[in-house]
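> Compact mmCIF, C-alpha atoms and all ligand atoms, saved as final_26.txt, coming up:
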```txt
# COMPACT_ATOMS: atom_id res chain seq x y z
CA MET A 17 0.00 0.00 0.00
CA LYS A 18 2.78 2.40 1.01
CA TYR A 19 4.76 1.46 -2.06
CA LYS A 20 1.79 2.20 -4.31
CA PHE A 21 1.24 5.52 -2.65
CA LEU A 22 4.84 6.58 -3.18
CA LEU A 23 4.73 5.43 -6.75
CA ILE A 24 1.65 7.50 -7.41
CA LEU A 25 3.20 10.54 -5.77
CA THR A 26 6.22 10.35 -8.02
CA ILE A 27 4.25 9.71 -11.16
CA ILE A 28 1.73 12.51 -10.79
CA PRO A 29 4.00 15.44 -11.57
CA LEU A 30 5.36 13.64 -14.62
CA ILE A 31 2.15 13.27 -16.46
CA SER A 32 0.45 16.10 -18.15
CA PHE A 33 -3.25 16.19 -17.30
CA ALA A 34 -3.53 19.30 -19.43
CA GLY A 35 -7.11 19.96 -20.23
CA GLY A 36 -8.44 16.75 -18.71
CA ARG A 37 -9.14 18.30 -15.34
CA GLU A 38 -11.04 21.17 -16.99
CA ILE A 39 -13.09 18.86 -19.17
CA TYR A 40 -13.88 16.82 -16.08
CA SER A 41 -14.86 19.88 -14.02
CA GLU A 42 -17.11 21.14 -16.72
CA ASN A 43 -18.93 17.93 -17.59
CA CYS A 44 -18.55 15.35 -14.88
CA GLU A 45 -17.78 16.91 -11.54
CA LYS A 46 -21.30 17.79 -10.53
CA CYS A 47 -22.25 14.12 -10.54
CA HIS A 48 -18.96 12.32 -9.91
CA GLY A 49 -17.57 14.78 -7.37
CA PHE A 50 -14.61 17.13 -7.14
CA SER A 51 -12.28 14.38 -5.93
CA ARG A 52 -14.13 11.76 -7.95
CA GLN A 53 -15.61 10.42 -4.76
CA GLY A 54 -19.01 10.05 -6.43
CA SER A 55 -22.30 11.75 -5.66
CA LEU A 56 -25.17 11.34 -8.10
CA GLY A 57 -22.70 9.33 -10.15
CA LEU A 58 -20.50 6.43 -9.06
CA PRO A 59 -17.05 7.04 -7.61
CA LEU A 60 -14.44 7.27 -10.36
CA TYR A 61 -11.22 6.78 -8.43
CA ARG A 62 -8.31 5.47 -10.41
CA SER A 63 -8.70 2.21 -8.50
CA THR A 64 -12.42 1.96 -9.31
CA ILE A 65 -11.83 2.17 -13.03
CA ALA A 66 -8.64 0.09 -12.99
CA ASN A 67 -10.48 -2.88 -14.52
CA HIS A 68 -12.39 -0.81 -17.03
CA SER A 69 -10.97 -0.66 -20.54
CA ASP A 70 -10.50 2.54 -22.53
CA ARG A 71 -13.16 1.38 -24.94
CA TYR A 72 -15.57 1.00 -22.04
CA LEU A 73 -14.82 4.50 -20.79
CA GLN A 74 -15.07 6.01 -24.28
CA ARG A 75 -18.39 4.40 -24.98
CA THR A 76 -19.71 5.21 -21.52
CA ILE A 77 -18.82 8.88 -21.96
CA ARG A 78 -20.28 9.02 -25.48
CA ASN A 79 -23.53 7.22 -24.78
CA GLY A 80 -24.13 7.59 -21.07
CA ARG A 81 -26.55 5.33 -19.27
CA PRO A 82 -30.02 5.81 -20.76
CA GLY A 83 -32.56 5.98 -17.98
CA ARG A 84 -29.89 5.83 -15.23
CA VAL A 85 -29.17 9.55 -14.93
CA MET A 86 -25.87 9.76 -16.81
CA PRO A 87 -26.28 11.57 -20.15
CA GLY A 88 -24.15 10.94 -23.24
CA PHE A 89 -21.53 13.59 -24.06
CA ASN A 90 -20.74 15.05 -27.40
CA LEU A 91 -17.00 15.52 -26.83
CA SER A 92 -14.31 15.25 -29.49
CA ASP A 93 -12.03 12.20 -29.62
CA ALA A 94 -9.19 14.36 -28.33
CA GLN A 95 -11.27 15.61 -25.40
CA VAL A 96 -12.37 12.09 -24.49
CA ALA A 97 -8.75 10.93 -24.63
CA LYS A 98 -7.64 13.75 -22.33
CA LEU A 99 -10.47 13.04 -19.95
CA ILE A 100 -9.55 9.36 -19.77
CA ARG A 101 -5.90 10.20 -19.17
CA PHE A 102 -6.99 12.44 -16.34
CA LEU A 103 -9.21 9.72 -14.83
CA ARG A 104 -6.51 7.08 -15.09
CA ALA A 105 -4.01 9.36 -13.38
CA GLY A 106 -1.07 7.32 -14.50
CA VAL A 107 -2.56 3.85 -14.07
CA LYS A 108 -2.18 1.76 -17.21
CA ALA A 109 -5.35 0.87 -19.10
CA PRO A 110 -6.24 -2.83 -19.02
CA LYS A 111 -6.66 -4.50 -22.40
CA TYR A 112 -9.13 -7.28 -23.09
CA ASP A 113 -9.36 -9.44 -26.13
CA THR A 114 -12.61 -9.20 -27.98
CA ALA A 115 -13.45 -12.90 -28.03
CA LEU A 116 -17.09 -13.44 -27.13
CA ILE A 117 -17.83 -15.71 -24.22
CA LYS A 118 -20.17 -18.64 -24.66
CA GLY A 119 -22.16 -19.91 -21.75
CA ASP A 120 -25.44 -21.36 -20.58
CA ILE A 121 -27.85 -18.49 -19.99
CA GLY A 122 -30.14 -20.55 -17.74
CA ALA A 123 -27.27 -21.71 -15.55
CA GLY A 124 -25.99 -18.12 -15.46
CA GLN A 125 -29.35 -16.91 -14.26
CA TYR A 126 -29.22 -19.43 -11.43
CA THR A 127 -25.83 -18.17 -10.28
CA TYR A 128 -26.98 -14.58 -10.68
CA GLU A 129 -29.93 -15.21 -8.41
CA GLN A 130 -27.71 -16.82 -5.78
CA TYR A 131 -24.98 -14.21 -5.69
CA CYS A 132 -25.80 -11.01 -7.52
CA LYS A 133 -29.52 -10.34 -7.42
CA ARG A 134 -29.59 -8.88 -3.94
CA CYS A 135 -27.50 -5.95 -5.13
CA HIS A 136 -27.98 -5.63 -8.88
CA GLY A 137 -31.72 -6.28 -8.74
CA ASP A 138 -34.19 -8.92 -9.92
CA ASN A 139 -33.81 -7.89 -13.55
CA LEU A 140 -30.26 -6.50 -13.41
CA GLU A 141 -31.79 -3.03 -13.25
CA GLY A 142 -29.37 -1.89 -10.55
CA GLY A 143 -29.98 -0.57 -7.06
CA GLN A 144 -32.53 2.02 -6.04
CA GLY A 145 -31.40 5.51 -6.89
CA THR A 146 -28.01 5.96 -8.47
CA GLY A 147 -24.47 6.78 -7.54
CA LYS A 148 -23.16 7.40 -4.09
CA ASN A 149 -25.47 7.64 -1.20
CA PHE A 150 -25.30 10.79 0.89
CA SER A 151 -28.84 10.48 2.07
CA TRP A 152 -30.19 8.48 4.95
CA GLN A 153 -32.80 6.92 2.74
CA LYS A 154 -30.77 4.42 0.81
CA ASP A 155 -29.39 1.25 2.26
CA ARG A 156 -26.04 1.01 0.46
CA GLU A 157 -23.10 3.34 0.30
CA VAL A 158 -22.96 3.03 -3.45
CA SER A 159 -25.97 2.06 -5.48
CA PRO A 160 -25.01 -1.00 -7.55
CA PRO A 161 -25.05 -0.03 -11.23
CA SER A 162 -27.51 -1.48 -13.69
CA LEU A 163 -26.12 -4.45 -15.64
CA SER A 164 -29.06 -4.56 -18.04
CA ASN A 165 -28.60 -0.93 -19.02
CA GLN A 166 -28.08 -0.76 -22.78
CA GLY A 167 -25.37 1.86 -22.36
CA PHE A 168 -23.47 -0.48 -20.06
CA LEU A 169 -23.91 -3.54 -22.27
CA TYR A 170 -22.85 -1.62 -25.35
CA ALA A 171 -19.72 -0.37 -23.59
CA ALA A 172 -18.59 -3.48 -21.69
CA SER A 173 -16.98 -6.42 -23.46
CA ASP A 174 -17.57 -10.00 -22.32
CA GLN A 175 -13.96 -10.34 -21.22
CA MET A 176 -14.14 -7.19 -19.13
CA ILE A 177 -17.30 -8.33 -17.38
CA LYS A 178 -15.67 -11.68 -16.69
CA HIS A 179 -12.55 -10.01 -15.35
CA ILE A 180 -14.64 -7.90 -12.95
CA ILE A 181 -16.56 -10.93 -11.71
CA ILE A 182 -13.24 -12.62 -11.00
CA ASN A 183 -11.32 -9.65 -9.60
CA GLY A 184 -14.00 -7.32 -8.33
CA ILE A 185 -13.60 -3.57 -8.01
CA GLU A 186 -11.14 -2.43 -5.37
CA ASP A 187 -12.55 -0.97 -2.16
CA THR A 188 -16.18 -1.45 -3.14
CA GLU A 189 -18.93 -3.89 -2.31
CA MET A 190 -18.19 -5.48 -5.66
CA ILE A 191 -15.78 -8.07 -4.27
CA SER A 192 -14.00 -10.72 -6.30
CA PHE A 193 -16.99 -13.06 -6.27
CA ALA A 194 -15.57 -15.77 -8.48
CA LYS A 195 -12.50 -16.12 -6.25
CA GLU A 196 -14.33 -15.65 -2.99
CA PHE A 197 -16.98 -18.29 -3.77
CA ASN A 198 -14.86 -20.59 -5.92
CA PHE A 199 -16.83 -20.20 -9.12
CA THR A 200 -15.65 -22.55 -11.84
CA ASP A 201 -14.65 -20.98 -15.13
CA GLN A 202 -17.86 -22.37 -16.58
CA MET A 203 -19.99 -20.69 -13.91
CA THR A 204 -18.34 -17.36 -14.62
CA ASN A 205 -18.87 -17.78 -18.36
CA ASP A 206 -22.52 -18.67 -17.79
CA LEU A 207 -22.96 -15.52 -15.74
CA VAL A 208 -21.45 -13.38 -18.49
CA ALA A 209 -23.76 -15.04 -21.03
CA TYR A 210 -26.75 -14.34 -18.81
CA ILE A 211 -25.80 -10.67 -18.41
CA ARG A 212 -25.15 -10.36 -22.15
CA SER A 213 -28.54 -11.87 -22.97
CA HIS A 214 -30.11 -8.58 -21.82
CA GLN A 215 -28.58 -6.65 -24.67
CA LYS A 216 -30.86 -5.25 -27.33
CA GLU A 217 -29.95 -3.17 -30.29
CA PHE A 218 -28.45 -0.03 -28.87
CA ASN A 219 -30.12 3.20 -29.72
CA SER A 220 -28.43 6.21 -28.23
CA GLY A 221 -30.81 8.56 -30.04
CA GLU A 222 -33.14 10.62 -27.88
CA ASP A 223 -36.57 9.09 -27.89
CA THR A 224 -39.10 11.85 -27.88
CA ILE A 225 -42.36 11.87 -26.00
CA ASP A 226 -45.37 12.56 -28.02
CA GLU A 227 -47.20 14.61 -25.43
CA PRO A 228 -48.08 18.26 -24.95
CA LEU A 229 -45.91 20.53 -22.79
CA VAL A 230 -48.93 21.69 -20.82
CA PHE A 231 -52.43 20.42 -20.30
CA ILE A 232 -55.19 23.00 -20.56
CA TYR A 233 -58.69 22.40 -19.27
CA LYS A 234 -61.70 24.68 -19.79
CA SER A 235 -63.53 25.21 -16.54
CA PRO A 236 -67.32 25.45 -16.44
CA HIS A 237 -67.08 27.64 -13.32
CA ASP A 238 -65.95 31.19 -12.73
CA LEU A 239 -62.47 32.01 -11.49
CA ASP A 240 -63.14 31.96 -7.75
CA ALA A 241 -65.27 28.84 -7.88
CA THR A 242 -62.66 27.07 -10.01
CA VAL A 243 -59.92 27.95 -7.55
CA SER A 244 -61.86 26.79 -4.53
CA LYS A 245 -62.98 23.57 -6.21
CA LEU A 246 -59.43 22.94 -7.25
CA ARG A 247 -58.23 23.36 -3.69
CA GLU A 248 -60.93 21.00 -2.43
CA SER A 249 -60.15 18.44 -5.05
CA ALA A 250 -56.41 18.62 -4.32
CA ALA A 251 -57.10 18.02 -0.64
CA ALA A 252 -59.39 15.10 -1.49
CA TYR A 253 -56.54 13.62 -3.54
CA ASN A 254 -54.29 13.75 -0.52
CA PHE A 255 -52.34 16.76 -1.60
CA ARG A 256 -51.37 19.29 0.98
CA VAL A 257 -52.56 22.64 -0.35
CA TYR A 258 -50.60 25.86 0.15
CA PRO A 259 -51.88 29.45 0.05
CA ASN A 260 -52.73 30.62 -3.45
CA ARG A 261 -50.45 33.01 -5.22
CA THR A 262 -51.09 35.48 -7.95
CA LEU A 263 -48.90 34.69 -10.89
CA PHE A 264 -45.96 36.96 -10.18
CA GLU A 265 -45.84 36.70 -6.42
CA GLY A 266 -42.57 35.33 -5.20
CA LEU A 267 -40.89 36.02 -8.51
CA GLY A 268 -39.39 39.33 -7.51
CA GLU A 269 -41.97 41.53 -9.18
CA PRO A 270 -44.11 42.58 -6.27
CA ASN A 271 -45.89 45.42 -8.07
CA ILE A 272 -47.68 43.28 -10.56
CA GLU A 273 -51.07 42.41 -9.24
CA ASP A 274 -52.92 40.13 -11.55
CA ASN A 275 -56.01 38.72 -9.98
CA LYS A 276 -57.04 36.98 -13.15
CA GLN A 277 -54.28 34.41 -12.83
CA ILE A 278 -54.07 32.46 -9.67
CA VAL A 279 -51.55 29.78 -8.91
CA VAL A 280 -52.73 26.94 -6.71
CA ARG A 281 -49.82 25.09 -5.16
CA PHE A 282 -50.08 21.67 -3.65
CA CYS A 283 -47.89 18.80 -2.70
CA ASN A 284 -48.24 15.18 -1.83
CA PHE A 285 -45.64 14.22 0.74
CA LYS A 286 -45.60 10.63 -0.30
CA ASN A 287 -44.80 11.60 -3.90
CA MET A 288 -42.33 14.16 -2.71
CA GLN A 289 -40.48 11.68 -0.52
CA GLU A 290 -40.42 9.25 -3.38
CA PHE A 291 -38.96 11.80 -5.75
CA LEU A 292 -36.36 13.07 -3.31
CA LYS A 293 -35.27 9.56 -2.56
CA ILE A 294 -34.64 8.92 -6.23
CA ASP A 295 -32.90 12.21 -6.84
CA PRO A 296 -32.34 15.07 -4.41
CA ARG A 297 -32.12 17.54 -7.29
CA LEU A 298 -35.88 17.28 -7.56
CA GLY A 299 -36.28 19.67 -4.67
CA VAL A 300 -36.34 22.43 -7.27
CA MET A 301 -39.44 21.00 -8.94
CA LEU A 302 -41.68 20.84 -5.96
CA PRO A 303 -44.40 21.56 -5.00
CA CYS A 304 -46.80 21.05 -7.87
CA ARG A 305 -48.87 23.87 -9.18
CA ALA A 306 -51.86 24.54 -11.34
CA THR A 307 -52.56 27.98 -12.80
CA VAL A 308 -56.13 29.16 -13.09
CA VAL A 309 -56.57 31.86 -15.71
CA GLU A 310 -59.49 34.00 -16.75
CA ASN A 311 -59.29 35.57 -20.21
CA ASP A 312 -60.91 38.79 -21.45
CA GLU A 313 -64.06 36.91 -22.44
CA GLY A 314 -64.42 35.65 -18.90
CA GLU A 315 -63.54 32.05 -19.82
CA VAL A 316 -61.66 30.20 -17.13
CA SER A 317 -58.98 27.56 -17.79
CA ILE A 318 -56.80 25.41 -15.61
CA ILE A 319 -53.27 24.85 -16.83
CA ILE A 320 -50.84 22.28 -15.53
CA GLU A 321 -47.36 21.64 -16.72
CA ASN A 322 -46.61 18.21 -18.10
CA TYR A 323 -43.80 17.32 -15.71
CA LYS A 324 -42.72 14.43 -17.88
CA HIS A 325 -40.89 16.83 -20.18
CA ALA A 326 -38.89 18.53 -17.44
CA LEU A 327 -38.19 15.24 -15.69
CA ARG A 328 -36.81 13.64 -18.81
CA ARG A 329 -33.78 15.86 -18.49
CA PHE A 330 -32.88 13.81 -15.43
CA ASN A 331 -32.62 10.71 -17.61
CA ASN A 332 -33.97 8.47 -14.89
CA ASP A 333 -36.45 5.68 -15.60
CA GLN A 334 -37.52 5.32 -12.01
CA MET A 335 -38.41 8.97 -11.90
CA ASN A 336 -40.26 8.91 -15.20
CA GLU A 337 -42.47 6.20 -13.79
CA SER A 338 -43.26 8.25 -10.68
CA ALA A 339 -43.91 11.28 -12.90
CA ASP A 340 -46.43 9.30 -14.93
CA GLU A 341 -48.27 8.45 -11.74
CA LEU A 342 -48.16 12.00 -10.46
CA ILE A 343 -49.45 13.51 -13.71
CA GLN A 344 -52.22 10.96 -13.87
CA LYS A 345 -53.28 11.82 -10.36
CA MET A 346 -53.22 15.54 -11.10
CA GLN A 347 -55.32 14.98 -14.19
CA GLU A 348 -57.91 12.98 -12.26
CA MET A 349 -57.94 15.64 -9.60
CA ILE A 350 -58.67 18.31 -12.20
CA GLU A 351 -61.36 16.25 -13.91
CA GLU A 352 -63.26 16.40 -10.63
CA VAL A 353 -63.24 20.19 -10.78
CA LEU A 354 -64.72 20.21 -14.25
CA TRP A 355 -68.00 18.58 -13.25
C1 LIG B 401 -26.04 13.82 -14.36
C2 LIG B 401 -25.07 13.02 -13.64
C3 LIG B 401 -23.87 12.51 -14.35
C4 LIG B 401 -22.97 13.20 -15.14
C5 LIG B 401 -23.01 14.68 -15.52
C6 LIG B 401 -21.95 12.26 -15.51
N1 LIG B 401 -22.23 11.04 -14.98
FE1 LIG B 401 -21.11 9.36 -15.19
N2 LIG B 401 -22.52 8.27 -14.18
C7 LIG B 401 -23.62 8.81 -13.57
C8 LIG B 401 -24.38 7.72 -12.94
C9 LIG B 401 -25.67 7.89 -12.16
C10 LIG B 401 -23.68 6.52 -13.22
C11 LIG B 401 -24.07 5.12 -12.75
C12 LIG B 401 -25.15 4.51 -13.62
C13 LIG B 401 -25.84 3.31 -12.97
O1 LIG B 401 -26.09 3.34 -11.77
O2 LIG B 401 -26.18 2.34 -13.68
C14 LIG B 401 -22.51 6.90 -13.99
C15 LIG B 401 -21.55 6.01 -14.46
C16 LIG B 401 -20.37 6.39 -15.05
C17 LIG B 401 -19.31 5.48 -15.41
C18 LIG B 401 -19.32 3.98 -15.22
C19 LIG B 401 -18.65 3.72 -13.91
C20 LIG B 401 -18.49 2.28 -13.64
O3 LIG B 401 -18.04 1.95 -12.54
O4 LIG B 401 -18.79 1.47 -14.51
C21 LIG B 401 -18.30 6.23 -15.92
C22 LIG B 401 -16.96 5.72 -16.42
C23 LIG B 401 -18.73 7.61 -15.92
N3 LIG B 401 -19.99 7.67 -15.39
C24 LIG B 401 -17.96 8.66 -16.37
C25 LIG B 401 -18.44 9.96 -16.51
C26 LIG B 401 -17.69 11.03 -17.12
C27 LIG B 401 -16.26 10.91 -17.61
C28 LIG B 401 -18.51 12.12 -17.12
C29 LIG B 401 -18.22 13.49 -17.72
C30 LIG B 401 -17.92 13.51 -19.14
C31 LIG B 401 -19.76 11.74 -16.50
N4 LIG B 401 -19.67 10.42 -16.14
C32 LIG B 401 -20.84 12.59 -16.28
C33 LIG B 401 -23.99 10.13 -13.53
C34 LIG B 401 -23.38 11.15 -14.26
C1 LIG B 402 -23.01 -6.43 -2.15
C2 LIG B 402 -23.51 -5.87 -3.38
C3 LIG B 402 -23.06 -6.49 -4.68
C4 LIG B 402 -23.15 -7.81 -5.08
C5 LIG B 402 -23.68 -9.00 -4.27
C6 LIG B 402 -22.66 -7.86 -6.43
N1 LIG B 402 -22.27 -6.62 -6.84
FE1 LIG B 402 -21.54 -6.14 -8.68
N2 LIG B 402 -21.30 -4.22 -8.07
C7 LIG B 402 -21.66 -3.71 -6.85
C8 LIG B 402 -21.31 -2.30 -6.79
C9 LIG B 402 -21.55 -1.36 -5.62
C10 LIG B 402 -20.67 -2.00 -8.01
C11 LIG B 402 -20.09 -0.65 -8.42
C12 LIG B 402 -18.79 -0.41 -7.71
C13 LIG B 402 -18.22 0.93 -8.11
O1 LIG B 402 -17.90 1.10 -9.31
O2 LIG B 402 -18.04 1.77 -7.25
C14 LIG B 402 -20.71 -3.23 -8.80
C15 LIG B 402 -20.19 -3.35 -10.10
C16 LIG B 402 -20.33 -4.45 -10.90
C17 LIG B 402 -19.89 -4.55 -12.28
C18 LIG B 402 -19.27 -3.42 -13.06
C19 LIG B 402 -20.38 -2.57 -13.61
C20 LIG B 402 -20.00 -1.18 -13.88
O3 LIG B 402 -20.87 -0.39 -14.28
O4 LIG B 402 -18.85 -0.84 -13.65
C21 LIG B 402 -20.22 -5.79 -12.72
C22 LIG B 402 -19.98 -6.36 -14.11
C23 LIG B 402 -20.82 -6.50 -11.62
N3 LIG B 402 -20.87 -5.66 -10.53
C24 LIG B 402 -21.31 -7.78 -11.69
C25 LIG B 402 -21.73 -8.52 -10.59
C26 LIG B 402 -22.05 -9.93 -10.62
C27 LIG B 402 -22.05 -10.79 -11.85
C28 LIG B 402 -22.38 -10.27 -9.34
C29 LIG B 402 -22.69 -11.67 -8.82
C30 LIG B 402 -21.62 -12.62 -8.93
C31 LIG B 402 -22.29 -9.08 -8.52
N4 LIG B 402 -21.89 -8.03 -9.31
C32 LIG B 402 -22.58 -9.04 -7.18
C33 LIG B 402 -22.28 -4.40 -5.83
C34 LIG B 402 -22.50 -5.75 -5.81
```
I'd like the structure from this file rewritten - as structure tokens, please.

Amino acid sequence: MKYKFLLILTIIPLISFAGGREIYSENCEKCHGFSRQGSLGLPLYRSTIANHSDRYLQRTIRNGRPGRVMPGFNLSDAQVAKLIRFLRAGVKAPKYDTALIKGDIGAGQYTYEQYCKRCHGDNLEGGQGTGKNFSWQKDREVSPPSLSNQGFLYAASDQMIKHIIINGIEDTEMISFAKEFNFTDQMTNDLVAYIRSHQKEFNSGEDTIDEPLVFIYKSPHDLDATVSKLRESAAAYNFRVYPNRTLFEGLGEPNIEDNKQIVVRFCNFKNMQEFLKIDPRLGVMLPCRATVVENDEGEVSIIIENYKHALRRFNNDQMNESADELIQKMQEMIEEVLW
């Protein structure tokens, strides 16, 4: 350990990280941490990526992890190379041959269920949440990554996966399972085949959602009645309702008084807890709101934002599911008002 430390100390000044640190700070630091200790993203210490090939890192950076928070980055080859040099910090990149591994998928599934499922999930979807856990709500220090994620499967070669199963990842819960539990070579191959069987054709293109940005409902009631029915309905749907606001209140323009636009704010603590547990950045989104507007003709509408659009920027499947539920509930709640 001491030897390694000294070696690293002497190597560091010799290597030029020129540019890599900046590229990292700009694109990666907010999720992987200033000292690469991890936060929303996994730790990226030089020891953590010691078993990851350059190809794996390149592809991971280019394509991200669809649905698991990490976006793909449109960096030049030179920038990616600098970034990788910076991450490696002098540690040599491992090389794997590209030979595919054959194995029995069914037998691999059996081994997976015995040894891996408790961390990587029933369907290899990874642990709850992502990255490093700084919150009291998750049960592991680092959320085990998804092994069925198409970004992962596209990036990782069979030989690399096998190597990690045999050697683990230093200083993490990912221990050297094959050694620790005396897996035969065949068992390890079967496991790789089982993991690989989750790969589909990789599509790094953005899939778009075919849904409006906002939902607008015509209210049969006047402004005041609509607002009070909305508040009642929100309460009936288990939302906690906050005082109404006129549109510009709280936005730093105190002189604008527009009584024809009223914002009803509400929040469901169960939803909120669920969201925050998945991703603490969601604090900025909450609580929910609906705007009630009366136009010059005296027609009243209720407008809610379709949160699915904003949430998609977080690139998190778990969250998209919760957003679907939330929007559906808000829509039902508003339907009640329209009677
Ligand atoms: C918005 C947050 C976010 C940003 C920005 C981000 N990442 Fe990630 N990254 C993640 C998450 C979350 C994971 C783990 C995915 C999982 O749990 O399946 C991850 C995984 C990775 C992995 C795989 C680690 C492993 O152990 O296999 C690498 C490598 C990586 N990121 C590198 C980078 C680099 C380099 C950048 C900057 C160009 C970057 N990331 C930017 C969130 C992010
Ligand atoms: C105790 C929890 C735990 C168990 C059990 C476990 N893993 Fe892991 N695994 C992790 C964690 C945590 C990581 C990420 C470590 C890091 O990069 O910081 C990981 C990473 C991996 C990786 C690398 C993925 C990547 O994105 O870098 C592979 C492959 C893997 N595990 C496969 C397996 C297999 C196969 C098994 C069963 C033999 C298994 N794991 C069992 C926790 C676990």
> Return as a list of chain:residue names the residues of protein, DNA or RNA that approach ligand LIG 401 (chain B) to within 6 Å, with only C-alpha atoms and all ligand atoms taken into account.
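Using only C-alpha atoms and all ligand atoms, I find these residues within 6 Å of ligand LIG 401 (chain B): A:Tyr40, A:Asn43, A:Cys44, A:Cys47, A:Leu56, A:Gly57, A:Leu58, A:Leu73, A:Thr76, A:Ile77, A:Arg81, A:Arg84, A:Val85, A:Met86, A:Thr146, A:Gly147, A:Pro161, A:Ser162.
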> Mind listing whatever residues come within 12 Å of the point (-9.4, 17.2, -20.2)? Use all atoms listed in the file, file coordinates, and give them as a PyMOL selection string.
chain A and resi 32-44+91-105
> Per residue of chain A within 7 Å of ligand LIG 402 (chain B), record the nearest atom pair and its distance in Å to one decimal, counting only C-alpha atoms and all ligand atoms, with rows in chain order and ascending residue number, as a Markdown table.

```
| residue | atom | partner | partner_atom | distance |
| --- | --- | --- | --- | --- |
| A:Leu58 | CA | B:LIG402 | O2 | 5.6 |
| A:Pro59 | CA | B:LIG402 | O2 | 5.4 |
| A:Thr64 | CA | B:LIG402 | O1 | 5.5 |
| A:Tyr128 | CA | B:LIG402 | C29 | 5.5 |
| A:Tyr131 | CA | B:LIG402 | C29 | 4.6 |
| A:Cys132 | CA | B:LIG402 | C29 | 3.4 |
| A:Lys133 | CA | B:LIG402 | C5 | 6.8 |
| A:Arg134 | CA | B:LIG402 | C5 | 5.9 |
| A:Cys135 | CA | B:LIG402 | C2 | 4.4 |
| A:His136 | CA | B:LIG402 | N1 | 6.1 |
| A:Val158 | CA | B:LIG402 | C9 | 5.1 |
| A:Ser159 | CA | B:LIG402 | C9 | 5.6 |
| A:Pro160 | CA | B:LIG402 | C9 | 4.0 |
| A:Pro161 | CA | B:LIG402 | O3 | 5.2 |
| A:Ser162 | CA | B:LIG402 | O3 | 6.8 |
| A:Leu163 | CA | B:LIG402 | C19 | 6.4 |
| A:Phe168 | CA | B:LIG402 | O3 | 6.3 |
| A:Ile177 | CA | B:LIG402 | C22 | 4.7 |
| A:Ile180 | CA | B:LIG402 | C22 | 5.7 |
| A:Ile181 | CA | B:LIG402 | C27 | 5.5 |
| A:Ile185 | CA | B:LIG402 | C12 | 6.1 |
| A:Thr188 | CA | B:LIG402 | C12 | 5.4 |
| A:Glu189 | CA | B:LIG402 | C1 | 4.8 |
| A:Met190 | CA | B:LIG402 | C7 | 4.1 |
| A:Phe193 | CA | B:LIG402 | C30 | 5.4 |
| A:Ala194 | CA | B:LIG402 | C30 | 6.8 |
| A:Leu207 | CA | B:LIG402 | C27 | 6.2 |
```
> Can you tell me how far atom CA of A:Val107 sits from atom CA of A:Leu140, in Å to one decimal?
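Atom CA of A:Leu140 lies 29.6 Å from atom CA of A:Val107.
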> Can you measure atom CA of A:Val309 to atom CA of A:Ala339 for me? One decimal in Å is fine.
24.3 Å
> Restricting the calculation to only C-alpha atoms: of A:Arg75, A:Lys345, A:Arg305, A:Lys46, which residue gets closest to A:Asn90?
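So, comparing all the options, the nearest one is A:Arg75.
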> Name the residues in contact with A:Val353 at a cut-off of 8 Å, using all atoms listed in the file, excluding same-chain residues fewer than 4 positions from it; report them as a list of chain:residue names.
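Counting all atoms listed in the file, the residues come to A:Ser235, A:Thr242, A:Lys245, A:Leu246, A:Ser249, A:Met349.
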> Name all residues at most 9 Å from A:Leu229 (count all atoms listed in the file; drop same-chain ones fewer than 6 positions away) and give them as a list in words.
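Once the adjacent positions are removed, what remains is Ile320, Glu321, Asn322, Tyr323, Lys324 and His325 of chain A.
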> Rounded to one decimal place, report the atom CA of A:Gly88-atom CA of A:Arg62 distance in Å.
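One can read the atom CA of A:Gly88 to atom CA of A:Arg62 distance as 21.1 Å.
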> Show me, as a ChimeraX atom specification, the residues that have an atom within 7 Å of A:Val257 when counting all atoms listed in the file, minus same-chain residues fewer than 4 positions from it.
/A:247,250-251,281-283
> Let me make sure I understand: among A:Ile191, A:Ser338, A:Trp355, A:His214, which one has the smallest atom-to-atom distance to A:Lys293 if we use only C-alpha atoms?
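Going through A:Ile191, A:Ser338, A:Trp355, A:His214 one by one, the smallest distance to A:Lys293 is for A:Ser338.
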> If we draw a sphere of 12 Å around (-3.3, -5.7, -23.5), which residues have at least one atom in it when counting only C-alpha atoms? Please report them as a list in words.
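Result, sorted by chain then residue number: Asn67, Ser69, Asp70, Lys108, Ala109, Pro110, Lys111, Tyr112, Asp113, Thr114, Gln175 and Met176 of chain A.
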> Need to verify the contact set: A:Ile117, 10 Å, only C-alpha atoms, exclusion of same-chain residues closer than 3 positions in sequence. Can you return it as a list of chain:residue names?
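Close residues of A:Ile117: A:Thr114, A:Ser173, A:Asp174, A:Gln175, A:Lys178, A:Thr204, A:Asn205, A:Asp206, A:Leu207, A:Val208, A:Ala209, A:Arg212.
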> Using only C-alpha atoms, pick whichever of A:Phe197, A:Tyr258, A:Tyr253, A:Tyr170 has the shortest atom-to-atom distance to A:Glu217.
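Looking at the shortest contact to A:Glu217, the residue is A:Tyr170.
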